[in-house]
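Asks: Sharing a structure here in C-alpha coordinates format.
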Amino acid sequence: MRSAGPASTVVRGGPYPVVGLDLGGTKIAAALVAPGGRVEARFSCPTPAAEGPDAVLDALAHAVAAVQDGSTAGAVGVAAAGVVDPETGVVRSATRTLAGWSGTRLAARLAARTGLPVACDNDVRAAAGAESAAAGADRGSLLYLSVGTGVGGAVVADGHMVRGRAGIAGHLGHLPSPEAAGLPCSCGARGHLEAIASGPGIAALYARLAGVAPPPALEAVARLAEEGDQHAAEAIAHGAAAAGRALGGLANALGPDRVVVGGGVTATGDRYWVPLRAAFAAELIEPLRSSQTSHALVPRPPRAGRDAPVLGAAALTTTVPLHAPHTGGAR
(Lines give C-alpha, C1' and ligand atoms only; values in the text may rest on other atoms or scores of the structure.)
Protein backbone atom coordinates (compact mmCIF):
# COMPACT_ATOMS: atom_id res chain seq x y z
CA MET A 1 0.00 0.00 0.00
CA ARG A 2 1.60 3.24 -1.15
CA SER A 3 -1.00 5.80 -0.15
CA ALA A 4 -0.69 7.60 3.14
CA GLY A 5 -4.18 6.72 4.35
CA PRO A 6 -5.49 7.87 7.71
CA ALA A 7 -3.08 8.43 10.56
CA SER A 8 -3.04 5.78 13.26
CA THR A 9 -4.07 6.48 16.84
CA VAL A 10 -1.45 8.40 18.80
CA VAL A 11 -0.57 7.41 22.36
CA ARG A 12 2.34 8.36 24.61
CA GLY A 13 5.32 6.37 25.77
CA GLY A 14 6.45 5.24 29.20
CA PRO A 15 9.43 3.79 31.08
CA TYR A 16 9.72 0.25 29.70
CA PRO A 17 12.24 -1.73 27.62
CA VAL A 18 11.84 -0.84 23.95
CA VAL A 19 13.14 -2.07 20.63
CA GLY A 20 15.19 0.37 18.56
CA LEU A 21 15.35 -0.32 14.82
CA ASP A 22 17.81 1.33 12.44
CA LEU A 23 16.66 0.81 8.86
CA GLY A 24 19.38 1.36 6.30
CA GLY A 25 19.63 0.59 2.63
CA THR A 26 21.86 -2.41 3.30
CA LYS A 27 21.16 -3.57 6.85
CA ILE A 28 18.50 -3.53 9.55
CA ALA A 29 19.99 -3.22 13.05
CA ALA A 30 17.84 -3.91 16.12
CA ALA A 31 18.51 -3.47 19.83
CA LEU A 32 16.53 -4.19 22.98
CA VAL A 33 17.11 -1.08 25.09
CA ALA A 34 16.45 -0.81 28.83
CA PRO A 35 14.87 2.40 30.23
CA GLY A 36 18.29 3.69 31.30
CA GLY A 37 19.65 3.35 27.76
CA ARG A 38 21.54 0.07 28.25
CA VAL A 39 21.56 -2.22 25.20
CA GLU A 40 20.49 -5.66 26.41
CA ALA A 41 20.46 -7.52 23.09
CA ARG A 42 21.30 -6.92 19.43
CA PHE A 43 20.17 -8.40 16.13
CA SER A 44 20.82 -7.56 12.49
CA CYS A 45 19.71 -8.78 9.09
CA PRO A 46 19.98 -7.62 5.47
CA THR A 47 17.48 -5.06 4.19
CA PRO A 48 15.40 -6.45 1.29
CA ALA A 49 15.70 -3.01 -0.30
CA ALA A 50 14.74 -4.04 -3.82
CA GLU A 51 11.71 -6.14 -2.82
CA GLY A 52 9.29 -3.37 -1.88
CA PRO A 53 7.69 -2.04 1.33
CA ASP A 54 5.98 -5.29 2.37
CA ALA A 55 9.26 -7.18 2.39
CA VAL A 56 10.98 -4.40 4.33
CA LEU A 57 8.16 -4.24 6.90
CA ASP A 58 8.24 -8.03 7.29
CA ALA A 59 12.00 -7.88 7.87
CA LEU A 60 11.55 -5.13 10.47
CA ALA A 61 8.90 -7.20 12.27
CA HIS A 62 11.21 -10.23 12.20
CA ALA A 63 13.99 -8.14 13.77
CA VAL A 64 11.62 -6.95 16.53
CA ALA A 65 10.75 -10.55 17.41
CA ALA A 66 14.32 -11.82 17.15
CA VAL A 67 15.93 -9.19 19.36
CA GLN A 68 13.39 -9.73 22.16
CA ASP A 69 14.18 -13.47 22.35
CA GLY A 70 11.70 -14.14 25.14
CA SER A 71 11.78 -10.65 26.63
CA THR A 72 8.81 -8.31 26.40
CA ALA A 73 9.21 -4.86 24.91
CA GLY A 74 6.64 -2.12 25.39
CA ALA A 75 7.17 -0.21 22.15
CA VAL A 76 9.22 0.05 18.97
CA GLY A 77 11.16 3.04 17.68
CA VAL A 78 12.12 3.04 14.01
CA ALA A 79 14.83 5.24 12.55
CA ALA A 80 14.20 5.00 8.79
CA ALA A 81 15.58 6.41 5.59
CA GLY A 82 13.57 9.07 3.77
CA VAL A 83 11.46 12.05 4.75
CA VAL A 84 9.50 10.60 7.66
CA ASP A 85 6.59 12.37 9.37
CA PRO A 86 6.58 11.33 13.06
CA GLU A 87 3.05 12.71 13.60
CA THR A 88 1.40 10.52 10.97
CA GLY A 89 3.97 7.74 10.86
CA VAL A 90 4.19 8.03 7.07
CA VAL A 91 7.26 8.11 4.81
CA ARG A 92 6.54 11.28 2.84
CA SER A 93 9.26 10.77 0.25
CA ALA A 94 12.34 8.63 -0.31
CA THR A 95 15.07 7.97 -2.82
CA ARG A 96 15.35 4.83 -4.94
CA THR A 97 17.56 3.13 -2.34
CA LEU A 98 14.43 1.46 -0.89
CA ALA A 99 12.11 0.48 -3.73
CA GLY A 100 8.60 1.91 -3.38
CA TRP A 101 9.31 3.28 0.09
CA SER A 102 7.75 6.70 -0.49
CA GLY A 103 4.19 6.84 0.86
CA THR A 104 4.57 3.81 3.15
CA ARG A 105 2.44 3.92 6.33
CA LEU A 106 5.43 2.80 8.36
CA ALA A 107 4.12 3.20 11.92
CA ALA A 108 0.64 1.76 11.37
CA ARG A 109 1.76 -1.18 9.27
CA LEU A 110 4.65 -2.16 11.54
CA ALA A 111 2.42 -1.82 14.62
CA ALA A 112 -0.06 -4.23 13.01
CA ARG A 113 2.72 -6.74 12.36
CA THR A 114 4.25 -6.58 15.84
CA GLY A 115 1.27 -5.80 18.07
CA LEU A 116 3.34 -3.01 19.66
CA PRO A 117 3.00 0.78 19.45
CA VAL A 118 5.50 2.28 17.01
CA ALA A 119 7.26 5.63 16.82
CA CYS A 120 9.29 6.66 13.78
CA ASP A 121 11.43 9.43 12.35
CA ASN A 122 14.24 9.92 9.86
CA ASP A 123 17.21 7.71 10.74
CA VAL A 124 19.89 10.37 10.99
CA ARG A 125 17.63 12.75 12.89
CA ALA A 126 17.06 10.00 15.45
CA ALA A 127 20.79 9.39 15.86
CA ALA A 128 21.44 13.12 16.14
CA GLY A 129 18.77 13.40 18.81
CA ALA A 130 20.52 10.76 20.90
CA GLU A 131 23.86 12.49 20.33
CA SER A 132 22.44 15.83 21.42
CA ALA A 133 20.85 14.32 24.52
CA ALA A 134 24.15 12.69 25.48
CA ALA A 135 25.69 16.15 25.73
CA GLY A 136 23.30 17.05 28.57
CA ALA A 137 23.41 20.69 29.58
CA ASP A 138 26.14 21.33 26.99
CA ARG A 139 24.07 20.10 24.05
CA GLY A 140 24.00 23.47 22.23
CA SER A 141 23.92 23.25 18.43
CA LEU A 142 24.92 20.20 16.42
CA LEU A 143 25.61 19.44 12.77
CA TYR A 144 25.36 15.68 12.18
CA LEU A 145 26.33 13.79 9.03
CA SER A 146 25.82 10.07 8.46
CA VAL A 147 27.64 8.35 5.59
CA GLY A 148 26.63 4.83 4.66
CA THR A 149 24.63 3.37 1.78
CA GLY A 150 23.28 6.90 1.48
CA VAL A 151 24.28 10.25 2.96
CA GLY A 152 21.97 11.84 5.52
CA GLY A 153 22.18 14.54 8.11
CA ALA A 154 20.50 16.48 10.86
CA VAL A 155 20.70 19.90 12.47
CA VAL A 156 20.09 20.59 16.16
CA ALA A 157 19.81 24.29 17.01
CA ASP A 158 20.14 25.30 20.66
CA GLY A 159 19.08 21.83 21.77
CA HIS A 160 16.06 21.62 19.43
CA MET A 161 15.86 19.37 16.37
CA VAL A 162 15.29 21.31 13.16
CA ARG A 163 12.73 19.48 11.01
CA GLY A 164 11.93 22.21 8.53
CA ARG A 165 9.19 22.45 5.93
CA ALA A 166 7.69 19.02 5.16
CA GLY A 167 10.28 17.45 7.48
CA ILE A 168 13.02 17.93 4.89
CA ALA A 169 15.65 19.60 7.09
CA GLY A 170 18.94 17.74 7.38
CA HIS A 171 19.04 15.91 4.03
CA LEU A 172 22.69 16.85 3.54
CA GLY A 173 23.30 14.14 0.97
CA HIS A 174 21.41 16.23 -1.56
CA LEU A 175 23.60 19.28 -1.35
CA PRO A 176 25.28 20.15 -4.65
CA SER A 177 28.88 18.89 -4.64
CA PRO A 178 31.59 19.92 -7.13
CA GLU A 179 33.19 16.49 -6.71
CA ALA A 180 29.94 14.84 -7.85
CA ALA A 181 29.40 17.00 -10.94
CA GLY A 182 27.38 15.07 -13.52
CA LEU A 183 26.99 11.95 -11.39
CA PRO A 184 23.46 10.54 -10.91
CA CYS A 185 22.07 10.64 -7.37
CA SER A 186 19.62 8.15 -5.86
CA CYS A 187 17.03 10.96 -5.71
CA GLY A 188 17.00 11.26 -9.50
CA ALA A 189 19.02 14.48 -9.72
CA ARG A 190 22.71 14.83 -10.59
CA GLY A 191 25.72 16.28 -8.83
CA HIS A 192 24.63 15.69 -5.24
CA LEU A 193 27.02 14.84 -2.41
CA GLU A 194 25.57 11.34 -1.96
CA ALA A 195 26.70 10.37 -5.47
CA ILE A 196 30.37 10.67 -4.52
CA ALA A 197 30.53 10.45 -0.71
CA SER A 198 28.29 7.44 0.06
CA GLY A 199 29.63 3.91 0.26
CA PRO A 200 28.28 3.01 -3.21
CA GLY A 201 29.54 6.36 -4.53
CA ILE A 202 33.07 5.66 -3.33
CA ALA A 203 32.93 2.12 -4.71
CA ALA A 204 31.71 3.42 -8.08
CA LEU A 205 34.55 5.94 -8.20
CA TYR A 206 37.05 3.15 -7.51
CA ALA A 207 35.55 1.13 -10.37
CA ARG A 208 35.92 4.08 -12.74
CA LEU A 209 39.52 4.72 -11.69
CA ALA A 210 40.52 1.06 -11.85
CA GLY A 211 38.52 0.25 -14.97
CA VAL A 212 36.58 -2.61 -13.37
CA ALA A 213 32.91 -3.55 -13.45
CA PRO A 214 30.68 -3.95 -11.59
CA PRO A 215 31.81 -1.85 -8.62
CA PRO A 216 32.83 -3.93 -5.59
CA ALA A 217 31.42 -3.44 -2.11
CA LEU A 218 32.96 -0.66 -0.04
CA GLU A 219 34.48 -3.25 2.30
CA ALA A 220 36.43 -4.68 -0.64
CA VAL A 221 37.60 -1.19 -1.63
CA ALA A 222 38.80 -0.60 1.95
CA ARG A 223 40.74 -3.89 1.91
CA LEU A 224 42.35 -3.00 -1.40
CA ALA A 225 43.39 0.38 0.02
CA GLU A 226 45.02 -1.33 2.99
CA GLU A 227 46.90 -3.59 0.56
CA GLY A 228 48.33 -0.57 -1.24
CA ASP A 229 45.91 -0.12 -4.13
CA GLN A 230 46.22 3.57 -5.04
CA HIS A 231 42.91 3.71 -6.89
CA ALA A 232 41.11 2.42 -3.79
CA ALA A 233 42.90 4.88 -1.50
CA GLU A 234 42.11 7.75 -3.89
CA ALA A 235 38.43 6.85 -4.07
CA ILE A 236 38.05 6.80 -0.28
CA ALA A 237 39.97 10.07 0.13
CA HIS A 238 37.98 11.78 -2.63
CA GLY A 239 34.62 10.81 -1.10
CA ALA A 240 35.80 11.87 2.35
CA ALA A 241 37.07 15.22 1.11
CA ALA A 242 33.76 15.90 -0.64
CA ALA A 243 31.92 15.26 2.63
CA GLY A 244 34.37 17.43 4.59
CA ARG A 245 34.07 20.28 2.15
CA ALA A 246 30.28 20.27 2.31
CA LEU A 247 30.34 20.11 6.10
CA GLY A 248 32.78 23.02 6.30
CA GLY A 249 30.51 25.22 4.22
CA LEU A 250 27.53 24.30 6.35
CA ALA A 251 29.50 25.03 9.52
CA ASN A 252 30.20 28.53 8.20
CA ALA A 253 26.49 29.03 7.58
CA LEU A 254 25.18 27.53 10.83
CA GLY A 255 27.94 28.06 13.41
CA PRO A 256 27.38 24.77 15.28
CA ASP A 257 28.96 23.97 18.62
CA ARG A 258 29.77 20.42 17.47
CA VAL A 259 30.10 18.51 14.21
CA VAL A 260 29.59 14.74 14.30
CA VAL A 261 30.10 12.23 11.48
CA GLY A 262 28.77 8.69 11.78
CA GLY A 263 27.77 5.82 9.51
CA GLY A 264 29.44 2.71 8.18
CA VAL A 265 31.79 4.47 5.76
CA THR A 266 33.69 6.06 8.66
CA ALA A 267 34.84 2.56 9.66
CA THR A 268 37.50 2.80 6.95
CA GLY A 269 39.53 4.65 9.61
CA ASP A 270 42.22 7.26 9.10
CA ARG A 271 42.07 6.88 5.32
CA TYR A 272 38.66 8.49 5.65
CA TRP A 273 38.96 10.77 8.68
CA VAL A 274 42.22 12.51 7.70
CA PRO A 275 41.04 13.84 4.30
CA LEU A 276 37.58 14.63 5.68
CA ARG A 277 38.98 16.74 8.50
CA ALA A 278 41.51 18.44 6.22
CA ALA A 279 38.84 19.43 3.69
CA PHE A 280 36.53 20.58 6.50
CA ALA A 281 39.21 22.78 8.07
CA ALA A 282 40.14 24.29 4.71
CA GLU A 283 36.59 25.61 4.26
CA LEU A 284 36.19 27.22 7.69
CA ILE A 285 36.31 30.94 8.28
CA GLU A 286 37.52 32.58 11.47
CA PRO A 287 36.93 32.08 14.33
CA LEU A 288 35.76 28.54 13.60
CA ARG A 289 39.09 27.47 12.10
CA SER A 290 41.46 28.89 14.70
CA SER A 291 43.20 26.16 16.69
CA GLN A 292 44.14 28.79 19.24
CA THR A 293 40.56 29.31 20.42
CA SER A 294 37.93 27.17 22.10
CA HIS A 295 35.75 27.77 19.02
CA ALA A 296 37.81 25.55 16.70
CA LEU A 297 35.63 22.86 15.18
CA VAL A 298 36.74 19.30 14.39
CA PRO A 299 34.37 16.61 13.06
CA ARG A 300 34.21 13.71 15.51
CA PRO A 301 32.51 10.29 15.66
CA PRO A 302 29.30 9.83 17.69
CA ARG A 303 29.75 9.50 21.45
CA ALA A 304 27.53 6.41 21.45
CA GLY A 305 29.70 4.69 18.83
CA ARG A 306 28.09 1.92 16.82
CA ASP A 307 24.96 1.99 19.00
CA ALA A 308 24.07 5.61 18.16
CA PRO A 309 21.48 4.75 15.47
CA VAL A 310 19.59 2.14 17.53
CA LEU A 311 19.74 4.22 20.71
CA GLY A 312 18.37 7.16 18.76
CA ALA A 313 15.60 4.94 17.42
CA ALA A 314 14.73 3.71 20.90
CA ALA A 315 14.60 7.28 22.21
CA LEU A 316 11.90 8.11 19.67
CA THR A 317 9.41 6.18 21.80
CA THR A 318 9.54 8.98 24.39
CA THR A 319 10.09 12.02 22.14
CA VAL A 320 7.63 11.62 19.22
CA PRO A 321 4.12 10.14 18.98
CA LEU A 322 3.57 6.40 19.37
CA HIS A 323 1.09 4.86 16.94
CA ALA A 324 -0.98 2.08 18.45
CA PRO A 325 -1.60 -1.19 16.58
CA HIS A 326 -4.90 -1.73 14.82
CA THR A 327 -6.36 -4.89 13.42
CA GLY A 328 -7.58 -5.43 9.89
CA GLY A 329 -6.28 -3.97 6.67
CA ALA A 330 -3.04 -2.49 7.99
CA ARG A 331 -0.77 -4.85 6.04
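Here, A, B, ... name the chains of the C-alpha coordinates in the order displayed, residue numbers run from 1 inside each chain, and ligands are numbered from 1 in the same displayed order.
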Just list as number ranges by chain whatever in range 129-214 of chain A DSSP marks as helix (DSSP H, G or I).

Replies: A: 129-134, 136-138, 165-167, 172-174, 178-180, 194-197, 199-210

Asks: For Ala63 in chain A, find every residue with an atom within 12 Å (counting only C-alpha atoms), except residues of its own chain fewer than 2 positions away, and show them as a ChimeraX atom specification.

Replies: /A:19-23,27-32,41-47,56-61,65-69,76,78,110,113-114

Asks: Skipping near chain neighbours, those fewer than 4 positions away, what residues fall within 10 Å of range 273-287 of chain A using only C-alpha atoms, listed as a PyMOL selection string?

Replies: chain A and resi 236-253+255+261+265-269+291-301

Asks: Between CA of Pro176 in chain A and CA of Pro309 in chain A, what is the distance in Å, rounded to a tenth?

Replies: 25.6 Å

Asks: Would you mind listing what lies within 8 Å of range 202-207 of chain A as a PyMOL selection string, with only C-alpha atoms counted and same-chain residues fewer than 3 positions away left out?

Replies: chain A and resi 196-199+210-218+221+231-232+234-236+238-239

Asks: Extract, using only C-alpha atoms, all DNA, RNA and protein residues at most 7 Å from Ser141 in chain A, discarding same-chain residues fewer than 5 positions from it, and format them as an NGL selection string.

Replies: :A and (156-159 or 256-258)

Asks: Fewer than 5 positions away in the same chain doesn't count, so skip those; otherwise give me all residues within 12 Å of Gly129 in chain A, counting only C-alpha atoms, as a PyMOL selection string.

Replies: chain A and resi 79+121-124+134-136+139-144+153-157+159-163+260+302-304+308-316+318-320

Asks: Determine which residues of range 27-268 of chain A DSSP labels as strand (DSSP E or B) from the backbone of this structure, then write them out as a PyMOL selection string.

Replies: chain A and resi 27-33+39-46+75-80+83-85+90-93+118-122+142-147+151-157+160-161+176+184+190+192+258-262

Asks: Would you mind reading off the distance between CA of Pro53 in chain A and CA of Ser102 in chain A, one decimal, in Å?

Replies: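 For CA of Pro53 in chain A relative to CA of Ser102 in chain A, the distance reads 8.9 Å.
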
Asks: Between A:Val84, A:Leu224, A:Val151, A:Leu116, which residue has the minimum interatomic distance to Trp101 in chain A, considering only C-alpha atoms?

Replies: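 Among the listed residues, the smallest separation from Trp101 in chain A belongs to A:Val84.
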